[in-house]
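What follows is the content of query_15.pdb (PDB, C-alpha atoms).
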```
MODEL        1
ATOM      1  CA  MET W  12     141.997  99.416 300.977
ATOM      2  CA  LYS W  13     142.991 102.869 299.734
ATOM      3  CA  LYS W  14     146.319 103.114 297.952
ATOM      4  CA  TYR W  15     147.849 106.476 298.787
ATOM      5  CA  HIS W  16     150.720 106.307 296.337
ATOM      6  CA  SER W  17     150.310 106.238 292.615
ATOM      7  CA  THR W  18     152.328 105.776 289.498
ATOM      8  CA  ILE W  19     151.188 108.066 286.736
ATOM      9  CA  LEU W  20     151.603 107.140 283.089
ATOM     10  CA  ILE W  21     151.385 110.007 280.611
ATOM     11  CA  VAL W  22     150.787 109.035 276.974
ATOM     12  CA  ASP W  23     151.307 111.854 274.476
ATOM     13  CA  ASP W  24     153.294 112.179 271.253
ATOM     14  CA  GLU W  25     154.034 115.880 271.735
ATOM     15  CA  ALA W  26     157.302 116.260 273.650
ATOM     16  CA  ASN W  27     156.321 119.729 274.906
ATOM     17  CA  ASP W  28     152.993 118.440 276.228
ATOM     18  CA  LEU W  29     154.736 115.578 278.033
ATOM     19  CA  VAL W  30     157.020 118.053 279.778
ATOM     20  CA  LEU W  31     154.203 120.499 280.601
ATOM     21  CA  ILE W  32     151.975 117.753 282.018
ATOM     22  CA  GLU W  33     154.756 116.301 284.141
ATOM     23  CA  GLU W  34     155.823 119.756 285.369
ATOM     24  CA  SER W  35     152.194 120.561 286.173
ATOM     25  CA  PHE W  36     151.816 117.402 288.241
ATOM     26  CA  ARG W  37     155.032 118.263 290.091
ATOM     27  CA  ALA W  38     153.900 121.872 290.609
ATOM     28  CA  ILE W  39     150.716 120.688 292.334
ATOM     29  CA  GLY W  40     152.734 118.554 294.721
ATOM     30  CA  VAL W  41     152.740 115.097 293.125
ATOM     31  CA  THR W  42     155.876 113.308 294.320
ATOM     32  CA  ASP W  43     154.990 109.785 293.194
ATOM     33  CA  PRO W  44     156.599 108.314 290.055
ATOM     34  CA  ILE W  45     155.560 109.739 286.712
ATOM     35  CA  HIS W  46     156.454 107.866 283.538
ATOM     36  CA  MET W  47     156.009 109.260 280.052
ATOM     37  CA  VAL W  48     155.630 107.474 276.745
ATOM     38  CA  SER W  49     155.237 109.051 273.325
ATOM     39  CA  SER W  50     153.021 106.604 271.438
ATOM     40  CA  GLY W  51     150.133 104.244 271.818
ATOM     41  CA  GLN W  52     152.409 101.299 271.043
ATOM     42  CA  GLU W  53     154.828 102.367 273.761
ATOM     43  CA  ALA W  54     151.927 102.686 276.233
ATOM     44  CA  ILE W  55     150.797  99.152 275.432
ATOM     45  CA  SER W  56     154.352  97.864 275.854
ATOM     46  CA  TYR W  57     154.517  99.627 279.224
ATOM     47  CA  MET W  58     151.212  98.073 280.325
ATOM     48  CA  MET W  59     152.298  94.622 279.168
ATOM     49  CA  GLY W  60     155.707  94.952 280.824
ATOM     50  CA  ASP W  61     157.435  94.266 277.504
ATOM     51  CA  GLY W  62     161.042  95.052 276.654
ATOM     52  CA  LYS W  63     162.572  97.837 278.693
ATOM     53  CA  TYR W  64     159.345  98.060 280.743
ATOM     54  CA  SER W  65     159.721  94.543 282.145
ATOM     55  CA  ASP W  66     161.437  95.757 285.324
ATOM     56  CA  ARG W  67     158.479  96.784 287.481
ATOM     57  CA  SER W  68     160.822  98.076 290.184
ATOM     58  CA  ILE W  69     161.679 100.861 287.709
ATOM     59  CA  TYR W  70     158.508 100.989 285.603
ATOM     60  CA  ALA W  71     155.841 100.419 288.225
ATOM     61  CA  TYR W  72     152.422  99.394 287.058
ATOM     62  CA  PRO W  73     150.396 102.578 286.511
ATOM     63  CA  THR W  74     147.580 103.469 288.857
ATOM     64  CA  PHE W  75     146.534 106.548 286.870
ATOM     65  CA  ILE W  76     146.855 107.181 283.113
ATOM     66  CA  THR W  77     146.443 110.283 280.963
ATOM     67  CA  ILE W  78     146.151 109.651 277.234
ATOM     68  CA  ASP W  79     146.192 111.973 274.243
ATOM     69  CA  LEU W  80     143.942 110.718 271.459
ATOM     70  CA  LYS W  81     145.577 112.165 268.364
ATOM     71  CA  MET W  82     148.912 110.397 267.977
ATOM     72  CA  SER W  83     150.512 108.955 264.877
ATOM     73  CA  GLY W  84     150.529 105.187 264.545
ATOM     74  CA  ARG W  85     148.702 103.600 267.437
ATOM     75  CA  ASP W  86     146.577 106.406 268.851
ATOM     76  CA  GLY W  87     144.784 106.910 272.154
ATOM     77  CA  PHE W  88     141.787 104.901 270.986
ATOM     78  CA  THR W  89     144.080 101.929 270.418
ATOM     79  CA  VAL W  90     145.308 102.194 274.006
ATOM     80  CA  LEU W  91     141.715 102.348 275.287
ATOM     81  CA  GLU W  92     140.806  99.307 273.159
ATOM     82  CA  HIS W  93     143.757  97.420 274.596
ATOM     83  CA  LEU W  94     142.751  98.258 278.156
ATOM     84  CA  LYS W  95     139.153  97.233 277.468
ATOM     85  CA  LYS W  96     140.322  93.840 276.124
ATOM     86  CA  HIS W  97     141.989  93.236 279.501
ATOM     87  CA  PRO W  98     139.146  93.580 282.023
ATOM     88  CA  ALA W  99     141.531  93.369 284.964
ATOM     89  CA  TRP W 100     143.111  96.607 283.704
ATOM     90  CA  ALA W 101     139.796  98.411 283.304
ATOM     91  CA  ILE W 102     140.083  99.477 286.938
ATOM     92  CA  ILE W 103     142.851 101.962 286.156
ATOM     93  CA  PRO W 104     141.562 105.534 286.103
ATOM     94  CA  THR W 105     142.171 106.482 282.469
ATOM     95  CA  VAL W 106     141.760 110.144 281.653
ATOM     96  CA  ILE W 107     141.713 111.441 278.109
ATOM     97  CA  LEU W 108     143.659 114.699 277.930
ATOM     98  CA  THR W 109     143.549 115.869 274.338
ATOM     99  CA  SER W 110     143.077 118.882 272.108
ATOM    100  CA  SER W 111     140.114 117.261 270.347
ATOM    101  CA  GLN W 112     136.675 118.676 271.072
ATOM    102  CA  ASP W 113     135.084 116.433 268.440
ATOM    103  CA  LEU W 114     131.811 114.970 269.714
ATOM    104  CA  ASP W 115     132.486 111.628 268.020
ATOM    105  CA  ASP W 116     135.880 111.410 269.752
ATOM    106  CA  ILE W 117     134.264 112.134 273.111
ATOM    107  CA  LYS W 118     131.580 109.487 272.591
ATOM    108  CA  LYS W 119     134.024 106.848 271.327
ATOM    109  CA  ALA W 120     136.449 107.474 274.208
ATOM    110  CA  TYR W 121     133.713 106.793 276.766
ATOM    111  CA  GLN W 122     132.487 103.761 274.814
ATOM    112  CA  LEU W 123     136.016 102.367 275.009
ATOM    113  CA  GLY W 124     136.166 102.838 278.778
ATOM    114  CA  ALA W 125     137.695 106.262 279.394
ATOM    115  CA  SER W 126     137.105 107.392 282.979
ATOM    116  CA  SER W 127     136.835 111.015 281.903
ATOM    117  CA  TYR W 128     137.515 113.243 278.913
ATOM    118  CA  HIS W 129     139.188 116.637 279.145
ATOM    119  CA  VAL W 130     140.351 119.126 276.554
ATOM    120  CA  LYS W 131     143.876 120.407 277.162
ATOM    121  CA  PRO W 132     143.758 124.013 278.293
ATOM    122  CA  HIS W 133     145.892 126.515 276.418
ATOM    123  CA  LEU W 134     147.244 128.233 279.535
ATOM    124  CA  LEU W 135     149.726 126.484 281.831
ATOM    125  CA  GLU W 136     147.960 127.669 284.992
ATOM    126  CA  ASN W 137     144.676 126.219 283.743
ATOM    127  CA  LEU W 138     146.417 122.904 282.994
ATOM    128  CA  ARG W 139     147.759 122.821 286.545
ATOM    129  CA  ARG W 140     144.319 123.542 287.992
ATOM    130  CA  GLN W 141     142.757 120.847 285.833
ATOM    131  CA  LEU W 142     145.372 118.231 286.757
ATOM    132  CA  LYS W 143     145.073 119.098 290.440
ATOM    133  CA  VAL W 144     141.319 118.489 290.377
ATOM    134  CA  LEU W 145     141.797 115.203 288.494
ATOM    135  CA  HIS W 146     144.624 113.961 290.696
ATOM    136  CA  ASP W 147     142.929 114.953 293.942
ATOM    137  CA  TYR W 148     139.720 113.262 292.849
ATOM    138  CA  TRP W 149     141.315 109.983 291.746
ATOM    139  CA  MET W 150     143.495 109.783 294.836
ATOM    140  CA  THR W 151     140.361 109.750 296.998
ATOM    141  CA  CYS W 152     138.737 106.915 295.031
ATOM    142  CA  GLU W 153     138.929 103.325 296.156
ATOM    143  CA  VAL W 154     140.225 100.964 293.500
ATOM    144  CA  PRO W 155     140.892  97.222 293.626
ATOM    145  CA  GLU W 156     144.379  96.307 294.747
ATOM    146  CA  VAL W 157     146.804  94.939 292.181
ATOM    147  CA  ASP W 158     150.222  93.329 292.372
ATOM    148  CA  SER W 159     153.305  94.792 290.694
ATOM    149  CA  THR W 160     152.318  93.240 287.347
ATOM    150  CA  GLY W 161     148.865  94.795 287.426
ATOM    151  CA  HIS W 162     146.976  91.614 288.250
ATOM    152  CA  GLN W 163     144.168  92.168 290.711
ATOM    153  CA  LEU W 164     144.660  90.581 294.087
ATOM    154  CA  PRO W 165     142.116  87.862 294.815
ATOM    155  CA  THR W 166     139.150  88.668 297.012
ATOM    156  CA  ASP W 167     136.513  86.470 298.555
ATOM    157  CA  GLY W 168     133.209  87.622 297.109
ATOM    158  CA  LYS W 169     131.254  84.699 298.517
ATOM    159  CA  GLY W 170     128.050  85.878 300.108
ATOM    160  CA  LYS W 171     128.541  89.464 298.968
ATOM    161  CA  LEU W 172     126.417  91.582 296.669
ATOM    162  CA  GLY W 173     128.772  91.266 293.687
ATOM    163  CA  GLU W 174     129.043  87.476 293.996
ATOM    164  CA  ARG W 175     126.918  86.927 290.890
ATOM    165  CA  PHE W 176     129.497  88.620 288.649
ATOM    166  CA  ALA W 177     132.522  86.776 287.341
ATOM    167  CA  GLN W 178     135.841  87.896 288.799
ATOM    168  CA  ALA W 179     138.216  89.576 286.350
ATOM    169  CA  ARG W 180     141.600  87.876 286.272
TER     170      ARG W 180
ENDMDL
END
```
Take the structure in the file and write it out as structure tokens.
Amino acid sequence: MKKYHSTILIVDDEANDLVLIEESFRAIGVTDPIHMVSSGQEAISYMMGDGKYSDRSIYAYPTFITIDLKMSGRDGFTVLEHLKKHPAWAIIPTVILTSSQDLDDIKKAYQLGASSYHVKPHLLENLRRQLKVLHDYWMTCEVPEVDSTGHQLPTDGKGKLGERFAQAR
């Protein structure tokens, strides 16, 4: 069933970019919660519900993630690797939003499970347009339902086309 509300997680180590991305989402009409973290390690802690992120009534499990690749310490690739190691989390639309146009970065991001890869526009209006397209698109997609901790809700695949595939837990 379609989930019409989302929680957006923005992962970027540039404070100005965090503000511009959040303001752009708000400018295009997003009223759902937006949480921002400034490192790959902090993003992983958020996903795991560790430390201050353990209260899911405040830090709801994300249903849409934007990740910058080039961050000090644990970078965007580390976050993608972490998500890939947890197949139940691979359902989260994960959009790379970075300044890197490097072909190797693009290839590696997709290999690690990125849903899409976008270069940050230099103009604020272009950023807003880009985020509107991304948000509108992902909000029309069907995704498996999850509980507040991010675990997928059980389904009964018996007798269905996907029955031959193991269920992610």
Nearby residues (all atoms listed in the file) at most 12 Å from W:Glu53, same-chain spacing under 2 positions excluded, as number ranges by chain:
W: 20-24, 46-51, 55-64, 78, 82-87, 89-90
Selected residue of minimal separation from W:Leu134 among W:Ile32, W:Cys152, W:Glu25, W:Ala99, counting only C-alpha atoms
W:Ile32
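In this model, the gap between atom CA of W:Glu34 and atom CA of W:Ala125 comes to 23.4 Å.
As for atom CA of W:Arg175 and atom CA of W:Leu91, they are spaced 26.5 Å apart.
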Target residues per the PyMOL selection byres ((chain W and resi 114-122) around 12), formatted as a PyMOL selection string:
chain W and resi 78-81+86-92+94-95+105-113+123-130
Nearest residue to W:Val41 from the set W:Met150, W:Ala71, W:Ala54, W:Ala26 (distances using all atoms listed in the file)
W:Met150
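Here atom CA of W:Ile39 is placed at a distance of 29.5 Å from atom CA of W:Ser65.
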In terms of all atoms listed in the file, the residue from W:Ser68, W:Thr151, W:Thr166, W:Thr18 at minimal distance from W:Phe36 is W:Thr18
To test the calculation: enclose all listed atoms of stretch 93-109 of chain W in a box whose edges run along x, y and z, add 4 Å on each side, then state centre and edge lengths in Å to one decimal, as lines of an AutoDock Vina configuration file.
```
center_x = 141.5
center_y = 104.6
center_z = 280.6
size_x = 12.6
size_y = 30.6
size_z = 20.6
```
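Applied to the shown file, the PyMOL selection byres ((chain W and resi 135) around 12) selects the residues Asn27, Asp28, Val30, Leu31, Ile32, Glu33, Glu34, Ser35, Phe36, Ala38, Lys131, Pro132, His133, Leu134, Glu136, Asn137, Leu138, Arg139, Arg140, Gln141 and Leu142 of chain W.
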Written as a PyMOL selection string, what is the full residue list that the PyMOL selection byres ((chain W and resi 103) around 8) yields on the file shown?
chain W and resi 73-76+100-102+104-105+154
Stretch 48-117 of chain W from the block above: C-alpha atoms written as a PDB file, in the first residue's frame:
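Written output follows (out34.pdb):
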```
ATOM      1  CA  VAL W  48      23.111  14.596   9.529  1.00  0.00           C
ATOM      2  CA  SER W  49      26.603  15.795   8.690  1.00  0.00           C
ATOM      3  CA  SER W  50      28.606  12.585   8.309  1.00  0.00           C
ATOM      4  CA  GLY W  51      28.418   9.042   7.098  1.00  0.00           C
ATOM      5  CA  GLN W  52      28.879   7.778  10.653  1.00  0.00           C
ATOM      6  CA  GLU W  53      25.984   9.911  11.858  1.00  0.00           C
ATOM      7  CA  ALA W  54      23.805   8.584   9.009  1.00  0.00           C
ATOM      8  CA  ILE W  55      24.590   5.008  10.014  1.00  0.00           C
ATOM      9  CA  SER W  56      23.796   5.802  13.649  1.00  0.00           C
ATOM     10  CA  TYR W  57      20.486   7.310  12.524  1.00  0.00           C
ATOM     11  CA  MET W  58      19.646   4.212  10.464  1.00  0.00           C
ATOM     12  CA  MET W  59      20.581   1.894  13.325  1.00  0.00           C
ATOM     13  CA  GLY W  60      18.627   3.952  15.858  1.00  0.00           C
ATOM     14  CA  ASP W  61      21.745   4.363  17.997  1.00  0.00           C
ATOM     15  CA  GLY W  62      22.282   6.966  20.696  1.00  0.00           C
ATOM     16  CA  LYS W  63      20.203  10.094  20.306  1.00  0.00           C
ATOM     17  CA  TYR W  64      18.472   8.521  17.274  1.00  0.00           C
ATOM     18  CA  SER W  65      16.924   5.715  19.324  1.00  0.00           C
ATOM     19  CA  ASP W  66      13.641   7.587  19.815  1.00  0.00           C
ATOM     20  CA  ARG W  67      11.805   6.835  16.572  1.00  0.00           C
ATOM     21  CA  SER W  68       8.940   9.118  17.594  1.00  0.00           C
ATOM     22  CA  ILE W  69      11.416  11.984  17.075  1.00  0.00           C
ATOM     23  CA  TYR W  70      13.811  10.449  14.542  1.00  0.00           C
ATOM     24  CA  ALA W  71      11.432   8.492  12.347  1.00  0.00           C
ATOM     25  CA  TYR W  72      12.877   5.829  10.129  1.00  0.00           C
ATOM     26  CA  PRO W  73      13.717   7.457   6.784  1.00  0.00           C
ATOM     27  CA  THR W  74      11.675   6.661   3.714  1.00  0.00           C
ATOM     28  CA  PHE W  75      13.853   8.753   1.389  1.00  0.00           C
ATOM     29  CA  ILE W  76      17.582   9.541   1.686  1.00  0.00           C
ATOM     30  CA  THR W  77      19.864  11.992  -0.102  1.00  0.00           C
ATOM     31  CA  ILE W  78      23.580  11.382   0.349  1.00  0.00           C
ATOM     32  CA  ASP W  79      26.630  13.433  -0.562  1.00  0.00           C
ATOM     33  CA  LEU W  80      29.569  11.233  -1.519  1.00  0.00           C
ATOM     34  CA  LYS W  81      32.544  13.394  -0.614  1.00  0.00           C
ATOM     35  CA  MET W  82      32.560  13.682   3.170  1.00  0.00           C
ATOM     36  CA  SER W  83      35.447  13.379   5.583  1.00  0.00           C
ATOM     37  CA  GLY W  84      35.650  10.207   7.633  1.00  0.00           C
ATOM     38  CA  ARG W  85      32.890   7.829   6.660  1.00  0.00           C
ATOM     39  CA  ASP W  86      31.774   9.042   3.243  1.00  0.00           C
ATOM     40  CA  GLY W  87      28.672   8.444   1.147  1.00  0.00           C
ATOM     41  CA  PHE W  88      30.046   5.173  -0.194  1.00  0.00           C
ATOM     42  CA  THR W  89      30.298   3.890   3.371  1.00  0.00           C
ATOM     43  CA  VAL W  90      26.622   4.691   3.916  1.00  0.00           C
ATOM     44  CA  LEU W  91      25.688   2.882   0.687  1.00  0.00           C
ATOM     45  CA  GLU W  92      27.788  -0.130   1.745  1.00  0.00           C
ATOM     46  CA  HIS W  93      26.020  -0.187   5.092  1.00  0.00           C
ATOM     47  CA  LEU W  94      22.600  -0.089   3.456  1.00  0.00           C
ATOM     48  CA  LYS W  95      23.586  -2.857   1.041  1.00  0.00           C
ATOM     49  CA  LYS W  96      24.700  -5.077   3.957  1.00  0.00           C
ATOM     50  CA  HIS W  97      21.164  -4.774   5.355  1.00  0.00           C
ATOM     51  CA  PRO W  98      18.931  -6.050   2.537  1.00  0.00           C
ATOM     52  CA  ALA W  99      15.775  -5.022   4.371  1.00  0.00           C
ATOM     53  CA  TRP W 100      16.990  -1.414   4.100  1.00  0.00           C
ATOM     54  CA  ALA W 101      17.757  -1.644   0.391  1.00  0.00           C
ATOM     55  CA  ILE W 102      14.150  -0.666  -0.285  1.00  0.00           C
ATOM     56  CA  ILE W 103      14.753   2.927   0.797  1.00  0.00           C
ATOM     57  CA  PRO W 104      15.045   5.265  -2.181  1.00  0.00           C
ATOM     58  CA  THR W 105      18.637   6.469  -1.822  1.00  0.00           C
ATOM     59  CA  VAL W 106      19.609   9.367  -4.036  1.00  0.00           C
ATOM     60  CA  ILE W 107      23.184  10.516  -4.422  1.00  0.00           C
ATOM     61  CA  LEU W 108      23.289  14.313  -4.499  1.00  0.00           C
ATOM     62  CA  THR W 109      26.913  15.321  -4.867  1.00  0.00           C
ATOM     63  CA  SER W 110      29.276  17.668  -6.651  1.00  0.00           C
ATOM     64  CA  SER W 111      31.251  14.756  -8.111  1.00  0.00           C
ATOM     65  CA  GLN W 112      30.897  14.108 -11.827  1.00  0.00           C
ATOM     66  CA  ASP W 113      33.589  11.419 -11.719  1.00  0.00           C
ATOM     67  CA  LEU W 114      32.578   8.411 -13.818  1.00  0.00           C
ATOM     68  CA  ASP W 115      34.089   5.978 -11.310  1.00  0.00           C
ATOM     69  CA  ASP W 116      32.042   7.564  -8.505  1.00  0.00           C
ATOM     70  CA  ILE W 117      28.875   7.244 -10.575  1.00  0.00           C
TER      71      ILE W 117
END
```
